[in-house]
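For reference, structure_21.cif (mmCIF, C-alpha atoms):
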data_start
loop_
_atom_site.label_atom_id
_atom_site.label_comp_id
_atom_site.auth_asym_id
_atom_site.auth_seq_id
_atom_site.Cartn_x
_atom_site.Cartn_y
_atom_site.Cartn_z
CA MET J 25 0.00 0.00 0.00
CA LYS J 26 2.86 2.37 0.84
CA ASN J 27 4.31 2.07 -2.68
CA SER J 28 0.89 2.74 -4.21
CA LEU J 29 0.41 5.87 -2.10
CA THR J 30 3.95 7.06 -2.81
CA THR J 31 3.55 6.57 -6.56
CA ALA J 32 0.19 8.36 -6.65
CA LEU J 33 1.48 11.21 -4.49
CA SER J 34 4.61 11.58 -6.66
CA ILE J 35 2.55 11.87 -9.86
CA VAL J 36 0.18 14.41 -8.32
CA ALA J 37 3.13 16.38 -6.87
CA LEU J 38 4.69 16.49 -10.34
CA LEU J 39 1.51 18.08 -11.72
CA TRP J 40 1.61 20.72 -8.99
CA MET J 41 5.31 21.46 -9.66
CA ILE J 42 4.54 21.93 -13.36
CA LEU J 43 1.68 24.33 -12.57
CA ILE J 44 3.91 26.34 -10.23
CA LEU J 45 6.72 26.39 -12.80
CA ASN J 46 4.25 27.51 -15.46
CA SER J 47 3.30 30.48 -13.27
CA LEU J 48 6.94 31.45 -12.74
CA ILE J 49 8.24 31.18 -16.31
CA PRO J 50 6.95 33.60 -18.95
CA ILE J 51 6.01 30.77 -21.30
CA ASP J 52 2.47 29.44 -21.50
CA PHE J 53 2.92 25.68 -21.15
CA ASN J 54 -0.69 25.15 -22.21
CA GLN J 55 0.38 25.67 -25.81
CA PHE J 56 1.84 22.17 -25.48
CA GLY J 57 -1.64 20.66 -25.09
CA ILE J 58 -3.36 18.53 -27.71
CA LEU J 59 -4.39 20.54 -30.77
CA PRO J 60 -6.42 18.09 -32.86
CA ARG J 61 -5.31 17.30 -36.41
CA ASN J 62 -2.46 19.81 -36.20
CA ILE J 63 1.05 18.42 -36.49
CA ASN J 64 2.23 20.82 -33.75
CA GLY J 65 -0.54 19.51 -31.51
CA ILE J 66 0.74 15.93 -31.59
CA LYS J 67 3.20 16.64 -28.76
CA GLY J 68 0.18 17.36 -26.59
CA ILE J 69 -0.69 13.67 -26.60
CA LEU J 70 2.16 13.17 -24.12
CA PHE J 71 2.19 16.58 -22.43
CA SER J 72 -1.49 17.46 -21.98
CA PRO J 73 -2.17 15.37 -18.83
CA PHE J 74 0.57 17.34 -17.04
CA LEU J 75 -0.86 20.77 -17.94
CA HIS J 76 -3.67 22.63 -16.21
CA MET J 77 -5.27 25.98 -16.94
CA ASN J 78 -5.05 27.20 -13.34
CA MET J 79 -5.04 26.14 -9.73
CA ALA J 80 -8.81 25.49 -9.67
CA HIS J 81 -8.45 23.14 -12.65
CA LEU J 82 -5.67 21.18 -10.95
CA ILE J 83 -7.48 21.12 -7.60
CA SER J 84 -10.50 19.52 -9.29
CA ASN J 85 -8.23 16.78 -10.69
CA THR J 86 -5.96 16.23 -7.67
CA ILE J 87 -8.09 14.10 -5.33
CA PRO J 88 -9.68 11.85 -7.98
CA LEU J 89 -6.31 11.31 -9.63
CA PHE J 90 -4.67 10.47 -6.31
CA VAL J 91 -7.44 8.05 -5.28
CA LEU J 92 -7.64 6.32 -8.67
CA LEU J 93 -3.86 6.02 -9.09
CA THR J 94 -3.60 4.55 -5.59
CA GLY J 95 -6.28 1.98 -6.48
CA LEU J 96 -4.61 1.19 -9.80
CA PHE J 97 -1.12 0.71 -8.33
CA PHE J 98 -2.38 -1.24 -5.30
CA PHE J 99 -4.81 -3.65 -6.96
CA TYR J 100 -3.30 -3.91 -10.46
CA ARG J 101 0.42 -3.42 -9.85
CA LYS J 102 1.48 -5.81 -12.65
CA VAL J 103 -0.30 -3.74 -15.31
CA ALA J 104 -0.48 -0.33 -13.61
CA VAL J 105 2.35 1.37 -15.50
CA ARG J 106 1.15 0.00 -18.84
CA VAL J 107 -2.43 1.07 -18.12
CA LEU J 108 -1.30 4.58 -17.14
CA VAL J 109 0.99 5.06 -20.16
CA LEU J 110 -1.51 3.58 -22.62
CA SER J 111 -4.28 5.73 -21.12
CA VAL J 112 -2.23 8.81 -21.96
CA ILE J 113 -1.21 7.65 -25.44
CA ILE J 114 -4.43 6.03 -26.67
CA GLY J 115 -6.82 8.52 -25.08
CA GLY J 116 -4.70 11.47 -26.23
CA SER J 117 -4.39 10.08 -29.75
CA LEU J 118 -8.15 9.70 -30.03
CA VAL J 119 -8.60 13.32 -28.90
CA TRP J 120 -6.00 14.41 -31.48
CA ILE J 121 -7.87 12.53 -34.23
CA PHE J 122 -11.47 13.28 -33.29
CA GLY J 123 -11.45 16.27 -30.91
CA ARG J 124 -12.70 19.74 -31.76
CA THR J 125 -10.12 22.33 -32.72
CA ALA J 126 -9.02 23.73 -29.37
CA PHE J 127 -6.18 23.08 -26.97
CA HIS J 128 -7.04 20.10 -24.76
CA ILE J 129 -5.18 20.01 -21.44
CA GLY J 130 -5.53 18.41 -18.03
CA ALA J 131 -5.41 15.05 -16.32
CA SER J 132 -9.16 14.44 -16.53
CA GLY J 133 -8.81 12.22 -19.62
CA VAL J 134 -6.52 9.98 -17.57
CA ILE J 135 -8.96 10.16 -14.64
CA PHE J 136 -11.81 8.99 -16.88
CA SER J 137 -9.58 6.24 -18.26
CA LEU J 138 -8.80 5.03 -14.75
CA ILE J 139 -12.49 5.11 -13.82
CA GLY J 140 -13.31 3.08 -16.95
CA PHE J 141 -10.47 0.65 -16.28
CA LEU J 142 -11.23 0.08 -12.60
CA ILE J 143 -14.96 -0.39 -13.13
CA ALA J 144 -14.66 -2.55 -16.28
CA SER J 145 -11.90 -4.66 -14.71
CA GLY J 146 -14.30 -5.64 -11.96
CA ILE J 147 -16.75 -6.83 -14.59
CA PHE J 148 -14.25 -8.54 -16.92
CA ARG J 149 -12.09 -10.23 -14.28
CA LYS J 150 -15.00 -11.79 -12.41
CA ASN J 151 -13.27 -11.95 -9.05
CA ILE J 152 -14.64 -10.60 -5.83
CA LYS J 153 -11.81 -8.15 -5.06
CA ALA J 154 -11.95 -6.52 -8.50
CA LEU J 155 -15.73 -6.40 -8.36
CA LEU J 156 -15.76 -4.77 -4.92
CA LEU J 157 -13.27 -2.15 -6.09
CA ALA J 158 -15.41 -1.54 -9.19
CA ILE J 159 -18.47 -0.98 -7.02
CA ILE J 160 -16.60 1.43 -4.74
CA ILE J 161 -15.23 3.39 -7.72
CA PHE J 162 -18.67 3.48 -9.30
CA PHE J 163 -20.24 4.90 -6.15
CA MET J 164 -17.41 7.41 -5.69
CA TYR J 165 -17.10 8.56 -9.30
CA GLY J 166 -20.00 7.11 -11.30
CA GLY J 167 -21.68 10.51 -11.42
CA VAL J 168 -18.84 11.98 -13.44
CA ILE J 169 -20.01 9.95 -16.41
CA TRP J 170 -22.02 13.04 -17.38
CA GLY J 171 -18.63 14.63 -18.13
CA ILE J 172 -18.49 12.73 -21.42
CA LEU J 173 -21.28 14.95 -22.75
CA PRO J 174 -20.54 18.31 -24.40
CA THR J 175 -22.02 20.53 -21.69
CA GLN J 176 -19.46 23.33 -21.39
CA PRO J 177 -17.33 24.72 -24.24
CA TYR J 178 -14.14 25.07 -22.17
CA ILE J 179 -14.17 21.47 -20.89
CA SER J 180 -12.69 18.71 -23.05
CA TRP J 181 -15.58 16.29 -23.02
CA GLU J 182 -13.70 14.53 -25.82
CA GLY J 183 -10.83 13.83 -23.42
CA HIS J 184 -13.33 12.46 -20.92
CA LEU J 185 -15.12 10.31 -23.49
CA PHE J 186 -12.02 8.89 -25.14
CA GLY J 187 -10.34 8.40 -21.77
CA PHE J 188 -13.31 6.39 -20.53
CA ILE J 189 -13.42 4.28 -23.70
CA THR J 190 -9.67 3.72 -23.45
CA GLY J 191 -9.99 2.55 -19.85
CA ILE J 192 -12.66 0.00 -20.78
CA LEU J 193 -10.54 -1.22 -23.71
CA LEU J 194 -7.49 -1.61 -21.46
CA ALA J 195 -9.55 -3.48 -18.85
CA TYR J 196 -10.55 -5.93 -21.56
CA ILE J 197 -6.98 -6.27 -22.91
CA PHE J 198 -5.52 -6.91 -19.43
CA LYS J 199 -8.44 -8.93 -18.03
CA ASP J 200 -6.41 -12.13 -17.78
CA THR J 201 -3.25 -10.53 -16.35
CA LYS J 202 -3.15 -11.41 -12.66
#
Written form, structure tokens:
Amino acid sequence: MKNSLTTALSIVALLWMILILNSLIPIDFNQFGILPRNINGIKGILFSPFLHMNMAHLISNTIPLFVLLTGLFFFYRKVAVRVLVLSVIIGGSLVWIFGRTAFHIGASGVIFSLIGFLIASGIFRKNIKALLLAIIIFFMYGGVIWGILPTQPYISWEGHLFGFITGILLAYIFKDTK
């Protein structure tokens, strides 16, 4: 459990350091987000989860990211790194291909991927521990599913949608990995 907490805390701390650095350096890091179908926006596939518009944006992502990463690294340690990296790459690539023309930034696509992965893994793996975790995650974060709908123009619902789909896909791919 300690390693899971340390890993989750380290990732969240990195996001906070990047936000602080972005406020100190006269360069807008958010230009390194995903800009769909633009060759310069491809780099955002890797960088966008580390970038946040402001402190309020990062605060809204901090607790869910910490909780979900802790669950991922504690219950699925053999696939955790692969799930996290593939969530960034696959989810980000889908946003780059299908997203509306705007900069897409923030860790919420990864959050939605982790929600999708943790819930779908409980269904696909058919073991009691995975199923209990899925139920807990559903009750904690099931309401965020509305975030996959285009309700507000400044929120990347595409990142949410493609993150969630990616998480379900990864749960299926890794369903037999113990």
*In Å to one decimal, how far is atom CA of J:Arg101 from atom CA of J:Asn27?*
9.8 Å
*Which residues fall under the PyMOL selection byres ((chain J and resi 129) around 8) in this file, as a ChimeraX atom specification?*
/J:54,57-58,68,72-77,127-128,130-131,180
*Name the residues in contact with J:Tyr196 at a cut-off of 8 Å, using all atoms listed in the file, excluding same-chain residues fewer than 6 positions from it; report them as an NGL selection string.*
:J and (144-145 or 148)
_Quick one: residues within 6 Å of stretch 157-159 of chain J, all atoms listed in the file, excluding same-chain residues fewer than 5 positions away - as a PyMOL selection string?_
chain J and resi 142-143+146
Limited to C-alpha atoms, could you put the picked residues into a file as a short mmCIF file (atom, residue, chain, number, x, y, z; two decimals), in the coordinates of the input?
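Here's the written file again_4.cif:
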data_model
loop_
_atom_site.label_atom_id
_atom_site.label_comp_id
_atom_site.auth_asym_id
_atom_site.auth_seq_id
_atom_site.Cartn_x
_atom_site.Cartn_y
_atom_site.Cartn_z
CA LEU J 142 -11.23 0.08 -12.60
CA ILE J 143 -14.96 -0.39 -13.13
CA GLY J 146 -14.30 -5.64 -11.96
#
_I'd like to know which of J:Met164, J:Leu118, J:Met41, J:Ile152 is closest to J:Val91, using all atoms listed in the file._
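Among the listed residues, the smallest separation from J:Val91 belongs to J:Met164.
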*How far is it from atom CA of J:Lys202 to atom CA of J:Lys102, in Å with one decimal?*
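Value for the atom CA of J:Lys202-atom CA of J:Lys102 distance: 7.3 Å.
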_Top pick for closest residue to J:Ser84, considering J:Ile51, J:Val168, J:Leu70, J:Leu138 and counting all atoms listed in the file_ =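 The shortest atom-to-atom distance to J:Ser84 comes from J:Val168.
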*Nearest residue to J:Thr30 from the set J:Leu93, J:Val112, J:Ile66, J:Ala80 (distances using only C-alpha atoms)*: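 Nearest candidate to J:Thr30 out of J:Leu93, J:Val112, J:Ile66, J:Ala80: J:Leu93.
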*Quick one: pull the distance between atom CA of J:Gly187 and atom CA of J:Gln55, Å, one decimal.*
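One can read the atom CA of J:Gly187 to atom CA of J:Gln55 distance as 20.7 Å.
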*asked:* List the spatial neighbours of J:Ile121 as a ChimeraX atom specification - criterion: any atom at most 12 Å away, only C-alpha atoms, same-chain residues fewer than 6 positions off excluded.
replied: /J:58-63,65-66,69,114-115,182-183,186
*Which residue of J:Ala126, J:Ala32, J:Leu155, J:Ile197 approaches J:Pro177 most closely, using only C-alpha atoms*: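 Distance minimum relative to J:Pro177 lands on J:Ala126.
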*Compare J:Thr31, J:Thr175, J:Ser137, J:Asn151 by their minimum atom-to-atom distance to J:Ile192, counting all atoms listed in the file, and give me the closest one.*
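The answer is J:Ser137, which sits nearest to J:Ile192.
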Using the chain letters and numbers from this file, what does the PyMOL selection byres ((chain J and resi 104) around 12) select? Give the answer as a PDB file with C-alpha atoms, keeping the file's coordinate frame.
ATOM      1  CA  SER J  28       0.890   2.740  -4.210  1.00  0.00           C
ATOM      2  CA  THR J  31       3.550   6.570  -6.560  1.00  0.00           C
ATOM      3  CA  ALA J  32       0.190   8.360  -6.650  1.00  0.00           C
ATOM      4  CA  LEU J  92      -7.640   6.320  -8.670  1.00  0.00           C
ATOM      5  CA  LEU J  93      -3.860   6.020  -9.090  1.00  0.00           C
ATOM      6  CA  THR J  94      -3.600   4.550  -5.590  1.00  0.00           C
ATOM      7  CA  GLY J  95      -6.280   1.980  -6.480  1.00  0.00           C
ATOM      8  CA  LEU J  96      -4.610   1.190  -9.800  1.00  0.00           C
ATOM      9  CA  PHE J  97      -1.120   0.710  -8.330  1.00  0.00           C
ATOM     10  CA  PHE J  98      -2.380  -1.240  -5.300  1.00  0.00           C
ATOM     11  CA  PHE J  99      -4.810  -3.650  -6.960  1.00  0.00           C
ATOM     12  CA  TYR J 100      -3.300  -3.910 -10.460  1.00  0.00           C
ATOM     13  CA  ARG J 101       0.420  -3.420  -9.850  1.00  0.00           C
ATOM     14  CA  LYS J 102       1.480  -5.810 -12.650  1.00  0.00           C
ATOM     15  CA  VAL J 103      -0.300  -3.740 -15.310  1.00  0.00           C
ATOM     16  CA  VAL J 105       2.350   1.370 -15.500  1.00  0.00           C
ATOM     17  CA  ARG J 106       1.150   0.000 -18.840  1.00  0.00           C
ATOM     18  CA  VAL J 107      -2.430   1.070 -18.120  1.00  0.00           C
ATOM     19  CA  LEU J 108      -1.300   4.580 -17.140  1.00  0.00           C
ATOM     20  CA  VAL J 109       0.990   5.060 -20.160  1.00  0.00           C
ATOM     21  CA  LEU J 110      -1.510   3.580 -22.620  1.00  0.00           C
ATOM     22  CA  SER J 111      -4.280   5.730 -21.120  1.00  0.00           C
ATOM     23  CA  LEU J 138      -8.800   5.030 -14.750  1.00  0.00           C
ATOM     24  CA  PHE J 141     -10.470   0.650 -16.280  1.00  0.00           C
ATOM     25  CA  LEU J 142     -11.230   0.080 -12.600  1.00  0.00           C
ATOM     26  CA  GLY J 191      -9.990   2.550 -19.850  1.00  0.00           C
ATOM     27  CA  LEU J 194      -7.490  -1.610 -21.460  1.00  0.00           C
ATOM     28  CA  ALA J 195      -9.550  -3.480 -18.850  1.00  0.00           C
ATOM     29  CA  PHE J 198      -5.520  -6.910 -19.430  1.00  0.00           C
ATOM     30  CA  THR J 201      -3.250 -10.530 -16.350  1.00  0.00           C
ATOM     31  CA  LYS J 202      -3.150 -11.410 -12.660  1.00  0.00           C
TER      32      LYS J 202
END
File contents for stretch 169-180 of chain J with N, CA and C atoms as a PDB file, in the first residue's frame:
ATOM      1  N   ILE J 169     -19.759  10.449 -15.056  1.00  0.00           N
ATOM      2  CA  ILE J 169     -20.012   9.953 -16.413  1.00  0.00           C
ATOM      3  C   ILE J 169     -20.666  11.031 -17.270  1.00  0.00           C
ATOM      4  N   TRP J 170     -21.395  11.946 -16.633  1.00  0.00           N
ATOM      5  CA  TRP J 170     -22.017  13.045 -17.381  1.00  0.00           C
ATOM      6  C   TRP J 170     -20.962  13.942 -18.024  1.00  0.00           C
ATOM      7  N   GLY J 171     -19.721  13.840 -17.564  1.00  0.00           N
ATOM      8  CA  GLY J 171     -18.633  14.634 -18.134  1.00  0.00           C
ATOM      9  C   GLY J 171     -18.253  14.233 -19.543  1.00  0.00           C
ATOM     10  N   ILE J 172     -18.794  13.127 -20.041  1.00  0.00           N
ATOM     11  CA  ILE J 172     -18.491  12.726 -21.420  1.00  0.00           C
ATOM     12  C   ILE J 172     -19.417  13.421 -22.411  1.00  0.00           C
ATOM     13  N   LEU J 173     -20.352  14.212 -21.886  1.00  0.00           N
ATOM     14  CA  LEU J 173     -21.277  14.953 -22.750  1.00  0.00           C
ATOM     15  C   LEU J 173     -20.782  16.380 -22.946  1.00  0.00           C
ATOM     16  N   PRO J 174     -21.012  16.938 -24.127  1.00  0.00           N
ATOM     17  CA  PRO J 174     -20.541  18.312 -24.402  1.00  0.00           C
ATOM     18  C   PRO J 174     -21.433  19.360 -23.724  1.00  0.00           C
ATOM     19  N   THR J 175     -21.175  19.599 -22.437  1.00  0.00           N
ATOM     20  CA  THR J 175     -22.023  20.527 -21.694  1.00  0.00           C
ATOM     21  C   THR J 175     -21.431  21.925 -21.576  1.00  0.00           C
ATOM     22  N   GLN J 176     -20.105  22.032 -21.547  1.00  0.00           N
ATOM     23  CA  GLN J 176     -19.462  23.333 -21.395  1.00  0.00           C
ATOM     24  C   GLN J 176     -18.344  23.458 -22.430  1.00  0.00           C
ATOM     25  N   PRO J 177     -18.281  24.592 -23.129  1.00  0.00           N
ATOM     26  CA  PRO J 177     -17.331  24.723 -24.236  1.00  0.00           C
ATOM     27  C   PRO J 177     -15.855  24.701 -23.828  1.00  0.00           C
ATOM     28  N   TYR J 178     -15.539  25.023 -22.594  1.00  0.00           N
ATOM     29  CA  TYR J 178     -14.139  25.069 -22.172  1.00  0.00           C
ATOM     30  C   TYR J 178     -13.674  23.767 -21.507  1.00  0.00           C
ATOM     31  N   ILE J 179     -14.533  22.765 -21.461  1.00  0.00           N
ATOM     32  CA  ILE J 179     -14.168  21.470 -20.893  1.00  0.00           C
ATOM     33  C   ILE J 179     -14.027  20.460 -22.030  1.00  0.00           C
ATOM     34  N   SER J 180     -12.935  19.701 -22.008  1.00  0.00           N
ATOM     35  CA  SER J 180     -12.688  18.713 -23.051  1.00  0.00           C
ATOM     36  C   SER J 180     -13.491  17.445 -22.777  1.00  0.00           C
TER      37      SER J 180
END
